[in-house]
Every structure is written in structure tokens, then in C-alpha cells.
file data32.cif (mmCIF, C-alpha atoms)
data_start
loop_
_atom_site.label_atom_id
_atom_site.label_comp_id
_atom_site.auth_asym_id
_atom_site.auth_seq_id
_atom_site.Cartn_x
_atom_site.Cartn_y
_atom_site.Cartn_z
CA MET A 49 4.60 -11.44 101.91
CA ALA A 50 6.32 -14.69 102.78
CA SER A 51 10.00 -15.38 103.37
CA SER A 52 12.23 -17.90 101.63
CA ALA A 53 14.43 -20.39 103.43
CA SER A 54 17.34 -18.00 102.84
CA GLY A 55 15.40 -15.21 104.56
CA GLY A 56 14.56 -13.21 101.45
CA ARG A 57 11.09 -11.86 100.85
CA LEU A 58 8.78 -13.72 98.53
CA PHE A 59 6.15 -11.97 96.44
CA SER A 60 2.79 -13.07 95.09
CA ILE A 61 2.11 -13.07 91.37
CA SER A 62 -0.05 -9.95 91.66
CA ALA A 63 2.68 -8.07 93.53
CA VAL A 64 5.26 -9.13 90.92
CA ALA A 65 2.96 -8.02 88.10
CA GLU A 66 2.76 -4.60 89.72
CA LEU A 67 6.49 -4.38 90.44
CA THR A 68 7.59 -5.43 86.96
CA GLY A 69 4.79 -4.14 84.76
CA VAL A 70 4.36 -7.66 83.39
CA GLY A 71 0.81 -8.98 83.32
CA VAL A 72 -0.22 -11.99 85.36
CA GLN A 73 -0.96 -14.05 82.23
CA SER A 74 2.47 -13.18 80.83
CA LEU A 75 4.10 -14.24 84.10
CA ARG A 76 2.33 -17.58 83.86
CA GLN A 77 3.43 -17.93 80.25
CA TYR A 78 7.04 -17.13 81.13
CA GLU A 79 6.93 -19.82 83.80
CA ALA A 80 5.43 -22.31 81.33
CA HIS A 81 8.36 -21.60 78.97
CA GLY A 82 10.87 -22.10 81.79
CA LEU A 83 12.06 -18.49 81.80
CA VAL A 84 11.39 -18.19 85.52
CA THR A 85 10.73 -20.84 88.16
CA PRO A 86 9.03 -19.36 91.21
CA SER A 87 8.70 -21.47 94.30
CA ARG A 88 5.26 -22.62 95.42
CA SER A 89 3.50 -22.42 98.74
CA GLU A 90 1.96 -25.55 100.24
CA GLY A 91 -1.29 -24.46 98.62
CA GLY A 92 0.35 -24.07 95.20
CA THR A 93 0.56 -20.27 95.12
CA ARG A 94 3.47 -18.94 93.08
CA LEU A 95 6.05 -17.15 95.24
CA PHE A 96 8.65 -15.03 93.47
CA SER A 97 12.02 -14.08 94.97
CA ARG A 98 13.95 -10.88 94.31
CA ARG A 99 16.14 -12.93 91.96
CA ASP A 100 13.02 -14.01 90.04
CA ILE A 101 11.95 -10.38 89.79
CA ALA A 102 15.34 -9.34 88.42
CA ARG A 103 15.13 -12.15 85.86
CA LEU A 104 11.62 -11.06 84.86
CA ARG A 105 12.86 -7.53 84.33
CA ARG A 106 15.50 -8.94 81.98
CA VAL A 107 12.82 -10.96 80.16
CA ARG A 108 10.78 -7.78 79.81
CA GLU A 109 13.78 -5.94 78.32
CA LEU A 110 14.27 -8.70 75.77
CA VAL A 111 10.57 -8.80 74.88
CA ASP A 112 10.64 -5.03 74.43
CA VAL A 113 13.41 -5.30 71.81
CA GLY A 114 11.48 -7.96 69.92
CA ALA A 115 12.97 -11.26 71.09
CA ASN A 116 10.62 -14.24 71.10
CA LEU A 117 10.31 -16.52 74.13
CA ALA A 118 12.43 -19.30 72.64
CA SER A 119 15.25 -16.83 71.93
CA ILE A 120 14.91 -15.32 75.39
CA GLY A 121 15.33 -18.77 76.93
CA ILE A 122 18.56 -19.27 75.00
CA ILE A 123 19.85 -15.80 75.90
CA LEU A 124 19.10 -16.30 79.60
CA ASP A 125 20.75 -19.74 79.61
CA LEU A 126 23.88 -18.28 78.01
CA GLN A 127 23.92 -15.38 80.45
CA ASP A 128 23.56 -17.77 83.40
CA GLU A 129 26.37 -19.94 82.08
CA ASN A 130 28.57 -16.90 81.53
CA THR A 131 27.93 -15.69 85.08
CA SER A 132 28.71 -19.14 86.46
CA LEU A 133 31.97 -19.35 84.51
CA ARG A 134 33.01 -15.85 85.63
CA ASN A 135 32.34 -16.76 89.27
CA GLU A 136 34.33 -19.98 88.89
CA LEU A 137 37.21 -18.06 87.34
CA ARG A 138 37.20 -15.56 90.22
CA ARG A 139 37.34 -18.41 92.75
CA THR A 140 40.38 -19.93 91.04
CA GLN A 141 42.34 -16.70 90.80
#
call {"tool": "encode", "arguments": {"input": "data32.cif", "output": "C-alpha cells"}}
result
Amino acid sequence: MASSASGGRLFSISAVAELTGVGVQSLRQYEAHGLVTPSRSEGGTRLFSRRDIARLRRVRELVDVGANLASIGIILDLQDENTSLRNELRRTQ
């Protein structure tokens, strides 16, 4: 396992597949649709952070209830925006 610049552990695609129960091909597809953006090693290997893993678990939940990838992208974008706005509100209070 590698470490990110922030000191967090980074996981290979095979480790993430095992941790999340999402197949390697699905992980690649989710990346292609912009649902997750793992970092890359100098050699091009995908490296997933704990934040990426949490996001993939959310993607998996949405897939399990029947959402398609386009809808999941919209849902995740809205959730990210909501989180950002809540954090901004907390800072101003």
C-alpha cells in the first residue's frame, strides 16, 4: 500500500474491489463515468484513497437500488454540493 501526500493510505484496484465488493471492471467503468477519480502512480496504476472507497460504497448503494450511472453522477454531485454548502454555513456561523 502506498501513502498519499496527506499521509492517508492508498489502495490498489484489486484491494478496493475486495474491500467494496465492486468488481475491477465496474471500478474502471465508474472512473470512466467520473464517479470516482483515483490518483495514479508514476507508472499509471490507480490508487484509491479512503475517501474514494467511501464514495464507491455510496455508488454501490445507489446501483443496488436501481439507479443508472448517469443518475448516480447527478446524485453524487448534488450531495457534494450540499456538503460543501453545509460546511460553508458552519464556518460563517
call {"tool": "residues_around", "arguments": {"input": "data32.cif", "residues": "stretch 63-67 of chain A", "least_positions_apart": "3", "cutoff": "12 Å", "atoms": "all atoms listed in the file", "output": "list in words"}}
result
Met49, Ala50, Arg57, Leu58, Phe59, Ser60, Val70, Gly71, Val72, Gln73, Ser74, Leu75, Arg76, Pro86, Arg94, Leu95, Phe96, Ser97, Arg98, Arg99, Asp100, Ile101, Ala102, Arg103, Leu104, Arg105 and Arg108 of chain A
call {"tool": "write_last_selection", "arguments": {"input": "data32.cif", "atoms": "C-alpha atoms", "output": "PDB file, in the coordinates of the input"}}
result
ATOM      1  CA  MET A  49       4.600 -11.440 101.910  1.00  0.00           C
ATOM      2  CA  ALA A  50       6.320 -14.690 102.780  1.00  0.00           C
ATOM      3  CA  ARG A  57      11.090 -11.860 100.850  1.00  0.00           C
ATOM      4  CA  LEU A  58       8.780 -13.720  98.530  1.00  0.00           C
ATOM      5  CA  PHE A  59       6.150 -11.970  96.440  1.00  0.00           C
ATOM      6  CA  SER A  60       2.790 -13.070  95.090  1.00  0.00           C
ATOM      7  CA  VAL A  70       4.360  -7.660  83.390  1.00  0.00           C
ATOM      8  CA  GLY A  71       0.810  -8.980  83.320  1.00  0.00           C
ATOM      9  CA  VAL A  72      -0.220 -11.990  85.360  1.00  0.00           C
ATOM     10  CA  GLN A  73      -0.960 -14.050  82.230  1.00  0.00           C
ATOM     11  CA  SER A  74       2.470 -13.180  80.830  1.00  0.00           C
ATOM     12  CA  LEU A  75       4.100 -14.240  84.100  1.00  0.00           C
ATOM     13  CA  ARG A  76       2.330 -17.580  83.860  1.00  0.00           C
ATOM     14  CA  PRO A  86       9.030 -19.360  91.210  1.00  0.00           C
ATOM     15  CA  ARG A  94       3.470 -18.940  93.080  1.00  0.00           C
ATOM     16  CA  LEU A  95       6.050 -17.150  95.240  1.00  0.00           C
ATOM     17  CA  PHE A  96       8.650 -15.030  93.470  1.00  0.00           C
ATOM     18  CA  SER A  97      12.020 -14.080  94.970  1.00  0.00           C
ATOM     19  CA  ARG A  98      13.950 -10.880  94.310  1.00  0.00           C
ATOM     20  CA  ARG A  99      16.140 -12.930  91.960  1.00  0.00           C
ATOM     21  CA  ASP A 100      13.020 -14.010  90.040  1.00  0.00           C
ATOM     22  CA  ILE A 101      11.950 -10.380  89.790  1.00  0.00           C
ATOM     23  CA  ALA A 102      15.340  -9.340  88.420  1.00  0.00           C
ATOM     24  CA  ARG A 103      15.130 -12.150  85.860  1.00  0.00           C
ATOM     25  CA  LEU A 104      11.620 -11.060  84.860  1.00  0.00           C
ATOM     26  CA  ARG A 105      12.860  -7.530  84.330  1.00  0.00           C
ATOM     27  CA  ARG A 108      10.780  -7.780  79.810  1.00  0.00           C
TER      28      ARG A 108
END
call {"tool": "atom_distance", "arguments": {"input": "data32.cif", "atom1": "atom CA of A:Ile123", "atom2": "atom CA of A:Gln141"}}
result
27.0 Å
call {"tool": "atom_distance", "arguments": {"input": "data32.cif", "atom1": "atom CA of A:Val107", "atom2": "atom CA of A:Ile120"}}
result
6.8 Å
call {"tool": "atom_distance", "arguments": {"input": "data32.cif", "atom1": "atom CA of A:Gln127", "atom2": "atom CA of A:Ser89"}}
result
28.3 Å
call {"tool": "resolve_selection", "arguments": {"input": "data32.cif", "expression": "the PyMOL selection byres ((chain A and resi 116-118) around 10)", "output": "list in words"}}
result
Gln77, Tyr78, His81, Gly82, Leu83, Val107, Leu110, Val111, Asp112, Val113, Gly114, Ala115, Ser119, Ile120, Gly121, Ile122 and Ile123 of chain A
